file data-v8.pdb (PDB, C-alpha atoms)
ATOM      1  CA  MET A   1     222.605   8.574  95.316
ATOM      2  CA  PHE A   2     225.018  11.526  95.116
ATOM      3  CA  ILE A   3     226.352  12.637  91.757
ATOM      4  CA  GLY A   4     230.065  12.530  91.041
ATOM      5  CA  ILE A   5     230.992   9.802  93.555
ATOM      6  CA  ASN A   6     232.067   6.329  92.406
ATOM      7  CA  ILE A   7     233.542   3.594  94.599
ATOM      8  CA  TYR A   8     234.973   0.313  93.328
ATOM      9  CA  ILE A   9     236.462  -2.721  95.044
ATOM     10  CA  ASP A  10     238.260  -4.995  92.584
ATOM     11  CA  SER A  11     236.441  -3.279  89.684
ATOM     12  CA  ARG A  12     232.978  -3.883  91.189
ATOM     13  CA  LYS A  13     230.897  -0.858  92.080
ATOM     14  CA  VAL A  14     230.185  -0.509  95.791
ATOM     15  CA  ASP A  15     226.873   0.419  97.394
ATOM     16  CA  TYR A  16     227.408   2.648 100.391
ATOM     17  CA  ASP A  17     225.679   4.023 103.450
ATOM     18  CA  TYR A  18     225.688   7.708 104.205
ATOM     19  CA  MET A  19     224.807  10.289 106.778
ATOM     20  CA  ILE A  20     224.854  14.098 106.722
ATOM     21  CA  SER A  21     226.043  16.181 109.628
ATOM     22  CA  ASN A  22     226.632  19.946 109.557
ATOM     23  CA  SER A  23     226.321  19.955 105.744
ATOM     24  CA  ARG A  24     229.093  17.373 105.517
ATOM     25  CA  LEU A  25     228.491  14.096 103.697
ATOM     26  CA  TYR A  26     229.826  10.955 105.382
ATOM     27  CA  ILE A  27     230.063   7.828 103.226
ATOM     28  CA  SER A  28     230.846   4.391 104.620
ATOM     29  CA  PHE A  29     230.903   0.783 103.422
ATOM     30  CA  LYS A  30     232.132  -2.661 104.441
ATOM     31  CA  ILE A  31     235.076  -4.436 102.824
ATOM     32  CA  ASN A  32     235.035  -8.219 102.632
ATOM     33  CA  HIS A  33     238.155 -10.336 103.139
ATOM     34  CA  ASN A  34     240.476 -11.278 100.286
ATOM     35  CA  LYS A  35     239.848  -8.114  98.300
ATOM     36  CA  LYS A  36     242.779  -6.516  96.480
ATOM     37  CA  ARG A  37     242.104  -2.911  95.564
ATOM     38  CA  LEU A  38     239.867  -0.033  96.587
ATOM     39  CA  ASN A  39     239.316   2.878  94.193
ATOM     40  CA  ILE A  40     237.398   6.023  95.106
ATOM     41  CA  HIS A  41     236.720   8.766  92.602
ATOM     42  CA  TYR A  42     234.864  11.936  93.413
ATOM     43  CA  ASP A  43     234.334  15.007  91.238
ATOM     44  CA  ASP A  44     236.647  17.552  92.865
ATOM     45  CA  ASN A  45     234.966  20.312  90.876
ATOM     46  CA  ILE A  46     231.749  19.938  92.883
ATOM     47  CA  TYR A  47     233.132  18.553  96.173
ATOM     48  CA  ASP A  48     235.633  20.061  98.612
ATOM     49  CA  ASN A  49     237.417  19.090 101.820
ATOM     50  CA  PHE A  50     237.743  15.348 101.217
ATOM     51  CA  LYS A  51     238.803  13.543 104.373
ATOM     52  CA  VAL A  52     239.304   9.874 105.199
ATOM     53  CA  GLU A  53     237.717   9.113 108.562
ATOM     54  CA  THR A  54     239.240   5.650 109.040
ATOM     55  CA  GLY A  55     242.967   6.105 108.561
ATOM     56  CA  GLU A  56     245.744   8.236 107.104
ATOM     57  CA  TYR A  57     245.196   8.058 103.366
ATOM     58  CA  LYS A  58     245.687  10.948 100.947
ATOM     59  CA  ASP A  59     243.668  11.614  97.816
ATOM     60  CA  LYS A  60     244.932  13.378  94.706
ATOM     61  CA  ASP A  61     242.818  15.259  92.164
ATOM     62  CA  GLY A  62     239.645  13.462  93.168
ATOM     63  CA  TYR A  63     241.174   9.972  93.310
ATOM     64  CA  LEU A  64     242.126   7.637  96.109
ATOM     65  CA  GLU A  65     243.523   4.167  95.518
ATOM     66  CA  ILE A  66     244.332   1.716  98.311
ATOM     67  CA  ASP A  67     246.072  -1.641  98.051
ATOM     68  CA  LEU A  68     243.844  -3.777 100.262
ATOM     69  CA  ALA A  69     246.361  -6.629 100.277
ATOM     70  CA  LYS A  70     248.705  -4.361 102.261
ATOM     71  CA  ASN A  71     246.034  -2.720 104.413
ATOM     72  CA  ASN A  72     243.866  -4.812 106.698
ATOM     73  CA  LEU A  73     240.558  -2.989 106.226
ATOM     74  CA  ASN A  74     237.046  -4.326 106.775
ATOM     75  CA  PHE A  75     235.331  -0.933 106.944
ATOM     76  CA  PHE A  76     235.985   2.419 105.288
ATOM     77  CA  GLU A  77     234.574   5.890 105.759
ATOM     78  CA  PHE A  78     235.286   9.238 104.184
ATOM     79  CA  SER A  79     233.610  12.618 104.177
ATOM     80  CA  LEU A  80     233.402  15.675 101.935
ATOM     81  CA  LYS A  81     231.330  18.794 101.284
ATOM     82  CA  ALA A  82     229.370  19.747  98.188
ATOM     83  CA  ASN A  83     230.021  23.237  96.860
ATOM     84  CA  PHE A  84     227.815  25.606  94.811
ATOM     85  CA  LYS A  85     228.761  23.885  91.529
ATOM     86  CA  TYR A  86     226.841  20.729  92.495
ATOM     87  CA  TYR A  87     223.544  22.198  91.265
ATOM     88  CA  VAL A  88     225.134  23.479  88.036
ATOM     89  CA  LYS A  89     226.550  19.998  87.324
ATOM     90  CA  LEU A  90     223.212  18.401  88.171
ATOM     91  CA  VAL A  91     221.429  20.667  85.663
ATOM     92  CA  TYR A  92     224.044  20.007  82.959
ATOM     93  CA  ASP A  93     223.663  16.255  83.431
ATOM     94  CA  GLN A  94     219.870  16.512  83.260
ATOM     95  CA  VAL A  95     219.977  18.498  80.013
ATOM     96  CA  ASN A  96     222.293  15.930  78.428
ATOM     97  CA  HIS A  97     220.877  12.687  79.817
ATOM     98  CA  ASN A  98     217.178  13.455  80.363
ATOM     99  CA  TYR A  99     216.780  11.508  83.585
ATOM    100  CA  SER A 100     213.258  10.546  84.598
ATOM    101  CA  LYS A 101     211.260  12.795  86.869
ATOM    102  CA  GLU A 102     211.754  10.394  89.768
ATOM    103  CA  GLU A 103     215.530  10.252  89.258
ATOM    104  CA  LEU A 104     215.785  14.029  88.971
ATOM    105  CA  ILE A 105     213.804  14.480  92.187
ATOM    106  CA  LYS A 106     216.149  12.034  93.952
ATOM    107  CA  ARG A 107     219.157  13.992  92.729
ATOM    108  CA  LEU A 108     217.700  17.304  93.858
ATOM    109  CA  GLN A 109     216.669  15.804  97.190
ATOM    110  CA  SER A 110     220.260  14.681  97.753
ATOM    111  CA  LEU A 111     221.428  18.232  97.157
ATOM    112  CA  TYR A 112     218.782  19.644  99.469
ATOM    113  CA  ASP A 113     219.868  17.192 102.170
ATOM    114  CA  LEU A 114     223.359  18.641 101.806
ATOM    115  CA  ASN A 115     222.728  22.364 101.592
ATOM    116  CA  LYS A 116     219.175  22.899 102.948
ATOM    117  CA  GLU A 117     218.606  25.718 100.483
ATOM    118  CA  ASP A 118     214.972  26.668  99.946
ATOM    119  CA  GLU A 119     215.540  27.274  96.230
ATOM    120  CA  VAL A 120     216.349  23.576  95.752
ATOM    121  CA  LEU A 121     213.287  22.538  97.725
ATOM    122  CA  ASP A 122     211.180  24.811  95.498
ATOM    123  CA  ARG A 123     212.460  22.975  92.392
ATOM    124  CA  ILE A 124     211.499  19.640  93.963
ATOM    125  CA  LYS A 125     207.984  20.858  94.723
ATOM    126  CA  VAL A 126     207.459  22.039  91.145
ATOM    127  CA  LEU A 127     208.677  18.717  89.757
ATOM    128  CA  LYS A 128     206.369  16.721  92.008
ATOM    129  CA  GLU A 129     203.405  18.645  90.616
ATOM    130  CA  LEU A 130     204.185  17.588  87.032
ATOM    131  CA  LYS A 131     202.335  14.693  85.455
ATOM    132  CA  ASP A 132     204.299  11.475  85.755
ATOM    133  CA  ASN A 133     205.556  11.209  82.171
ATOM    134  CA  SER A 134     206.422  14.883  81.675
ATOM    135  CA  LEU A 135     210.146  14.218  81.366
ATOM    136  CA  ASP A 136     209.945  10.692  79.967
ATOM    137  CA  ASP A 137     208.339  11.077  76.532
ATOM    138  CA  LYS A 138     211.281  10.810  74.151
ATOM    139  CA  PHE A 139     209.197  12.245  71.302
ATOM    140  CA  LEU A 140     208.574  15.587  72.986
ATOM    141  CA  TYR A 141     212.077  17.045  72.888
ATOM    142  CA  TYR A 142     210.950  20.677  72.651
ATOM    143  CA  GLU A 143     208.465  20.355  75.498
ATOM    144  CA  ILE A 144     211.027  18.575  77.684
ATOM    145  CA  ASP A 145     213.660  21.231  77.005
ATOM    146  CA  LYS A 146     211.174  23.961  77.858
ATOM    147  CA  LEU A 147     210.197  22.224  81.092
ATOM    148  CA  ILE A 148     213.832  21.845  82.172
ATOM    149  CA  ASN A 149     214.555  25.473  81.325
ATOM    150  CA  ASP A 150     211.501  26.687  83.200
ATOM    151  CA  ILE A 151     212.079  24.533  86.274
ATOM    152  CA  LEU A 152     215.853  24.309  86.653
ATOM    153  CA  ILE A 153     217.485  27.122  84.672
ATOM    154  CA  ASN A 154     215.282  30.189  84.331
ATOM    155  CA  ASN A 155     215.415  31.275  87.944
ATOM    156  CA  PRO A 156     217.533  33.632  90.084
ATOM    157  CA  TYR A 157     219.111  30.718  91.952
ATOM    158  CA  TYR A 158     220.709  29.206  88.834
ATOM    159  CA  GLU A 159     221.712  32.625  87.525
ATOM    160  CA  ARG A 160     223.408  33.440  90.831
ATOM    161  CA  LEU A 161     225.377  30.194  90.783
ATOM    162  CA  MET A 162     226.457  30.614  87.157
ATOM    163  CA  SER A 163     227.685  34.132  87.901
ATOM    164  CA  LYS A 164     230.179  32.620  90.362
ATOM    165  CA  MET A 165     231.619  30.187  87.813
ATOM    166  CA  ASP A 166     234.983  30.976  86.218
ATOM    167  CA  ASP A 167     236.219  29.559  82.901
ATOM    168  CA  TYR A 168     237.916  26.592  84.550
ATOM    169  CA  ASP A 169     234.751  25.716  86.477
ATOM    170  CA  VAL A 170     232.771  25.712  83.234
ATOM    171  CA  LEU A 171     235.462  23.651  81.503
ATOM    172  CA  ASN A 172     235.296  21.025  84.244
ATOM    173  CA  ILE A 173     231.519  20.761  83.970
ATOM    174  CA  ILE A 174     231.801  20.167  80.224
ATOM    175  CA  THR A 175     234.741  17.767  80.314
ATOM    176  CA  SER A 176     233.274  15.654  83.101
ATOM    177  CA  ASN A 177     231.465  13.976  80.172
ATOM    178  CA  LEU A 178     233.455  12.423  77.357
ATOM    179  CA  SER A 179     230.922  13.936  74.981
ATOM    180  CA  SER A 180     227.570  15.695  75.332
ATOM    181  CA  ASN A 181     224.391  15.882  73.294
ATOM    182  CA  LYS A 182     223.838  19.483  74.349
ATOM    183  CA  PRO A 183     227.009  21.230  75.487
ATOM    184  CA  TYR A 184     226.753  24.840  76.575
ATOM    185  CA  SER A 185     225.930  27.207  73.708
ATOM    186  CA  ILE A 186     228.920  29.558  73.679
ATOM    187  CA  THR A 187     230.675  31.968  71.320
ATOM    188  CA  GLN A 188     234.038  31.275  69.687
ATOM    189  CA  GLU A 189     235.590  33.806  72.070
ATOM    190  CA  GLU A 190     234.166  31.939  75.067
ATOM    191  CA  PHE A 191     235.379  28.646  73.590
ATOM    192  CA  ASP A 192     238.901  30.053  73.228
ATOM    193  CA  LYS A 193     238.806  31.134  76.888
ATOM    194  CA  LEU A 194     238.062  27.523  77.841
ATOM    195  CA  VAL A 195     241.102  26.450  75.812
ATOM    196  CA  VAL A 196     243.256  28.927  77.760
ATOM    197  CA  ALA A 197     241.788  27.664  81.052
ATOM    198  CA  ALA A 198     242.673  24.093  80.108
ATOM    199  CA  LYS A 199     246.228  25.005  79.107
ATOM    200  CA  THR A 200     246.928  26.720  82.431
ATOM    201  CA  HIS A 201     245.789  23.861  84.685
ATOM    202  CA  ASN A 202     246.605  20.207  85.302
ATOM    203  CA  TYR A 203     245.691  17.559  82.725
ATOM    204  CA  ALA A 204     245.671  20.143  79.944
ATOM    205  CA  LEU A 205     245.833  17.665  77.054
ATOM    206  CA  GLU A 206     243.116  15.429  78.461
ATOM    207  CA  ASN A 207     240.808  18.388  79.041
ATOM    208  CA  LEU A 208     241.465  19.855  75.587
ATOM    209  CA  TRP A 209     240.768  16.493  73.951
ATOM    210  CA  ARG A 210     237.519  16.193  75.902
ATOM    211  CA  LEU A 211     236.566  19.777  75.052
ATOM    212  CA  ALA A 212     237.058  18.960  71.368
ATOM    213  CA  MET A 213     235.015  15.770  71.769
ATOM    214  CA  ASN A 214     232.111  17.746  73.213
ATOM    215  CA  TYR A 215     232.085  20.429  70.499
ATOM    216  CA  ASP A 216     233.159  18.343  67.506
ATOM    217  CA  GLY A 217     231.185  19.183  64.358
ATOM    218  CA  LEU A 218     229.454  22.229  65.856
ATOM    219  CA  GLY A 219     231.337  24.835  63.851
ATOM    220  CA  TYR A 220     233.961  25.959  66.357
ATOM    221  CA  ASP A 221     237.547  26.732  65.362
ATOM    222  CA  PHE A 222     239.828  24.111  66.961
ATOM    223  CA  SER A 223     243.107  25.644  65.743
ATOM    224  CA  LYS A 224     244.228  26.715  69.236
ATOM    225  CA  ILE A 225     243.693  23.160  70.497
ATOM    226  CA  GLU A 226     245.640  21.729  67.567
ATOM    227  CA  GLU A 227     248.475  24.218  68.075
ATOM    228  CA  TYR A 228     248.848  23.252  71.740
ATOM    229  CA  ILE A 229     248.743  19.502  71.080
ATOM    230  CA  VAL A 230     251.563  19.798  68.538
ATOM    231  CA  GLU A 231     253.469  22.240  70.734
ATOM    232  CA  THR A 232     253.625  19.640  73.524
ATOM    233  CA  LYS A 233     254.916  17.002  71.074
ATOM    234  CA  ASP A 234     252.802  14.412  72.852
ATOM    235  CA  VAL A 235     252.219  11.778  70.168
ATOM    236  CA  TYR A 236     249.672   9.869  72.228
ATOM    237  CA  TYR A 237     247.269  12.813  72.498
ATOM    238  CA  LEU A 238     247.922  13.757  68.866
ATOM    239  CA  GLN A 239     246.896  10.199  68.008
ATOM    240  CA  GLU A 240     243.785  10.396  70.187
ATOM    241  CA  TYR A 241     242.793  13.753  68.718
ATOM    242  CA  ILE A 242     243.263  12.672  65.107
ATOM    243  CA  SER A 243     241.511   9.339  65.666
ATOM    244  CA  ALA A 244     238.462  10.744  67.480
ATOM    245  CA  ILE A 245     237.805  14.255  66.155
ATOM    246  CA  TYR A 246     235.755  14.515  62.976
ATOM    247  CA  GLN A 247     236.556  18.159  62.197
ATOM    248  CA  LYS A 248     240.325  17.923  62.600
ATOM    249  CA  ASN A 249     242.339  19.959  60.101
ATOM    250  CA  MET A 250     244.977  17.513  58.905
ATOM    251  CA  ASP A 251     246.710  19.987  56.580
ATOM    252  CA  TYR A 252     247.061  22.470  59.414
ATOM    253  CA  LEU A 253     248.302  19.780  61.801
ATOM    254  CA  VAL A 254     250.920  18.609  59.293
ATOM    255  CA  ASP A 255     252.134  22.189  58.796
ATOM    256  CA  LEU A 256     252.384  22.635  62.573
ATOM    257  CA  ILE A 257     254.354  19.399  62.935
ATOM    258  CA  ILE A 258     256.760  20.467  60.174
ATOM    259  CA  LYS A 259     257.288  23.850  61.860
ATOM    260  CA  THR A 260     258.650  22.089  64.947
ATOM    261  CA  GLN A 261     261.676  21.002  62.876
ATOM    262  CA  ASP A 262     262.016  18.126  65.337
ATOM    263  CA  ASN A 263     263.218  15.015  63.482
ATOM    264  CA  GLU A 264     262.477  12.589  66.305
ATOM    265  CA  TYR A 265     258.980  13.944  66.798
ATOM    266  CA  VAL A 266     258.210  13.737  63.076
ATOM    267  CA  LYS A 267     259.504  10.157  62.972
ATOM    268  CA  LYS A 268     257.249   9.195  65.888
ATOM    269  CA  VAL A 269     254.266  10.763  64.124
ATOM    270  CA  LEU A 270     254.992   8.849  60.915
ATOM    271  CA  ASP A 271     255.543   5.592  62.815
ATOM    272  CA  ASN A 272     252.213   5.833  64.629
ATOM    273  CA  GLU A 273     249.772   3.470  62.923
ATOM    274  CA  PHE A 274     246.677   5.355  64.130
ATOM    275  CA  ILE A 275     247.910   8.700  62.813
ATOM    276  CA  ASP A 276     249.104   7.045  59.606
ATOM    277  CA  ARG A 277     245.515   6.061  58.724
ATOM    278  CA  ASP A 278     244.484   9.723  58.494
ATOM    279  CA  LEU A 279     247.494  11.003  56.591
ATOM    280  CA  SER A 280     247.268  11.315  52.825
ATOM    281  CA  SER A 281     250.215  10.247  50.668
ATOM    282  CA  GLU A 282     250.999  13.900  50.028
ATOM    283  CA  GLN A 283     250.954  14.706  53.742
ATOM    284  CA  LYS A 284     253.261  11.780  54.504
ATOM    285  CA  ASP A 285     255.686  12.932  51.831
ATOM    286  CA  LYS A 286     255.711  16.462  53.280
ATOM    287  CA  LEU A 287     256.585  15.093  56.699
ATOM    288  CA  LYS A 288     259.256  12.745  55.358
ATOM    289  CA  SER A 289     260.874  15.587  53.411
ATOM    290  CA  ILE A 290     262.079  17.388  56.538
ATOM    291  CA  ILE A 291     263.730  14.363  58.136
ATOM    292  CA  LYS A 292     267.500  14.720  57.944
TER     293      LYS A 292
END

call {"tool": "encode", "arguments": {"input": "data-v8.pdb", "output": "structure tokens"}}
result
Amino acid sequence: MFIGINIYIDSRKVDYDYMISNSRLYISFKINHNKKRLNIHYDDNIYDNFKVETGEYKDKDGYLEIDLAKNNLNFFEFSLKANFKYYVKLVYDQVNHNYSKEELIKRLQSLYDLNKEDEVLDRIKVLKELKDNSLDDKFLYYEIDKLINDILINNPYYERLMSKMDDYDVLNIITSNLSSNKPYSITQEEFDKLVVAAKTHNYALENLWRLAMNYDGLGYDFSKIEEYIVETKDVYYLQEYISAIYQKNMDYLVDLIIKTQDNEYVKKVLDNEFIDRDLSSEQKDKLKSIIK
């Protein structure tokens, strides 16, 4: 129903009830006996003020995990508030996933229920006037893109919301997807600002890897991402980057690794079987040559 909220009990997705009071969303659900673990994830880029209504449990960075074996719970309720970025995220998801007209109307209706803004209601009215298959014909990409732009993007409401977004907000919208068919069209300078935003916040390596995944093969310079990954000496994320990114610059990465002059780090790189697959014999020899 609401985007960016996922609830699981023992790895099974939970259907929930909800109510809205004073622009606050209340979500509740029953918990059957003999269950082991409750996991709640909400997108803390588009929701604020998370609060558990049925106990003293604390979330962290959009996650809450509860051991049900140690907590006798048969009912759970929490509440939160959607912020202005909800609509921006909704539009980004629509552009990349092309939800049906009916699904898009449901998503917009959920937002209207939360914020009661007339601009959202106007978008719903325009969508309802479209012919039923306007957003569903997979062969009419240009027409669909134009419709989405005309209905969701090219209006003062969207422009006003985007003007409030900072680089980290934009980064979080992009990296909420592992990869995107149509990431934001940005300049290299704007891309580099997103790299800086990632580096100065939590989960920097994860966000930089996801940023690279979203823009892989689109002609952007990834050198600042590669420099930071090597600088951290985190072999796991180096492995993930090398394994997943098509446009990686292996020569540059090898030179960066050598410049660290860190024997243990170089050994870990050479011992990693996933990295090894992408190293040429010459690159391996260069790395081995600095080990003392």

call {"tool": "closest_atom_pairs", "arguments": {"input": "data-v8.pdb", "of": "range 218-283 of chain A", "to": "range 180-203 of chain A", "cutoff": "12 Å", "atoms": "only C-alpha atoms", "output": "JSON lines"}}
result
{"residue": "A:Leu218", "atom": "CA", "partner": "A:Ser185", "partner_atom": "CA", "distance": 9.9}
{"residue": "A:Gly219", "atom": "CA", "partner": "A:Gln188", "partner_atom": "CA", "distance": 9.1}
{"residue": "A:Tyr220", "atom": "CA", "partner": "A:Gln188", "partner_atom": "CA", "distance": 6.3}
{"residue": "A:Asp221", "atom": "CA", "partner": "A:Gln188", "partner_atom": "CA", "distance": 7.2}
{"residue": "A:Phe222", "atom": "CA", "partner": "A:Asp192", "partner_atom": "CA", "distance": 8.7}
{"residue": "A:Ser223", "atom": "CA", "partner": "A:Asp192", "partner_atom": "CA", "distance": 9.7}
{"residue": "A:Lys224", "atom": "CA", "partner": "A:Val195", "partner_atom": "CA", "distance": 7.3}
{"residue": "A:Ile225", "atom": "CA", "partner": "A:Val195", "partner_atom": "CA", "distance": 6.8}
{"residue": "A:Glu226", "atom": "CA", "partner": "A:Val195", "partner_atom": "CA", "distance": 10.5}
{"residue": "A:Glu227", "atom": "CA", "partner": "A:Val195", "partner_atom": "CA", "distance": 10.9}
{"residue": "A:Tyr228", "atom": "CA", "partner": "A:Lys199", "partner_atom": "CA", "distance": 8.0}
{"residue": "A:Ile229", "atom": "CA", "partner": "A:Lys199", "partner_atom": "CA", "distance": 10.1}
{"residue": "A:Glu231", "atom": "CA", "partner": "A:Lys199", "partner_atom": "CA", "distance": 11.4}
{"residue": "A:Thr232", "atom": "CA", "partner": "A:Lys199", "partner_atom": "CA", "distance": 10.7}
{"residue": "A:Tyr237", "atom": "CA", "partner": "A:Tyr203", "partner_atom": "CA", "distance": 11.4}

call {"tool": "write_last_selection", "arguments": {"input": "data-v8.pdb", "atoms": "C-alpha atoms", "output": "JSON list (two decimals), in the coordinates of the input"}}
result
[["chain", "number", "residue", "atom", "x", "y", "z"],
["A", 218, "LEU", "CA", 229.45, 22.23, 65.86],
["A", 219, "GLY", "CA", 231.34, 24.84, 63.85],
["A", 220, "TYR", "CA", 233.96, 25.96, 66.36],
["A", 221, "ASP", "CA", 237.55, 26.73, 65.36],
["A", 222, "PHE", "CA", 239.83, 24.11, 66.96],
["A", 223, "SER", "CA", 243.11, 25.64, 65.74],
["A", 224, "LYS", "CA", 244.23, 26.72, 69.24],
["A", 225, "ILE", "CA", 243.69, 23.16, 70.50],
["A", 226, "GLU", "CA", 245.64, 21.73, 67.57],
["A", 227, "GLU", "CA", 248.48, 24.22, 68.08],
["A", 228, "TYR", "CA", 248.85, 23.25, 71.74],
["A", 229, "ILE", "CA", 248.74, 19.50, 71.08],
["A", 231, "GLU", "CA", 253.47, 22.24, 70.73],
["A", 232, "THR", "CA", 253.62, 19.64, 73.52],
["A", 237, "TYR", "CA", 247.27, 12.81, 72.50]]

call {"tool": "residues_around", "arguments": {"input": "data-v8.pdb", "residues": "Arg24 in chain A", "least_positions_apart": "5", "cutoff": "7 Å", "atoms": "all atoms listed in the file", "output": "MDAnalysis selection string"}}
result
chainID A and resid 79:81 114

call {"tool": "residues_around", "arguments": {"input": "data-v8.pdb", "residues": "Val95 in chain A", "least_positions_apart": "2", "cutoff": "8 Å", "atoms": "all atoms listed in the file", "output": "PDB file with C-alpha atoms, in the frame of the given file"}}
result
ATOM      1  CA  VAL A  91     221.429  20.667  85.663  1.00  0.00           C
ATOM      2  CA  TYR A  92     224.044  20.007  82.959  1.00  0.00           C
ATOM      3  CA  ASP A  93     223.663  16.255  83.431  1.00  0.00           C
ATOM      4  CA  HIS A  97     220.877  12.687  79.817  1.00  0.00           C
ATOM      5  CA  ASN A  98     217.178  13.455  80.363  1.00  0.00           C
ATOM      6  CA  ASP A 145     213.660  21.231  77.005  1.00  0.00           C
ATOM      7  CA  ILE A 148     213.832  21.845  82.172  1.00  0.00           C
ATOM      8  CA  LYS A 182     223.838  19.483  74.349  1.00  0.00           C
TER       9      LYS A 182
END

call {"tool": "resolve_selection", "arguments": {"input": "data-v8.pdb", "expression": "the PyMOL selection byres ((chain A and resi 149) around 12)", "output": "number ranges by chain"}}
result
A: 91-92, 94-95, 123, 142-148, 150-155, 158-159

call {"tool": "axis_aligned_box", "arguments": {"input": "data-v8.pdb", "around": "range 246-255 of chain A", "padding_each_side": "3 Å", "output": "lines of an AutoDock Vina configuration file"}}
result
center_x = 243.9
center_y = 18.5
center_z = 59.8
size_x = 22.4
size_y = 14.0
size_z = 12.4

call {"tool": "resolve_selection", "arguments": {"input": "data-v8.pdb", "expression": "the PyMOL selection byres ((chain A and resi 19) around 12)", "output": "PyMOL selection string"}}
result
chain A and resi 1-2+16-18+20-29+77-80+110+113-114
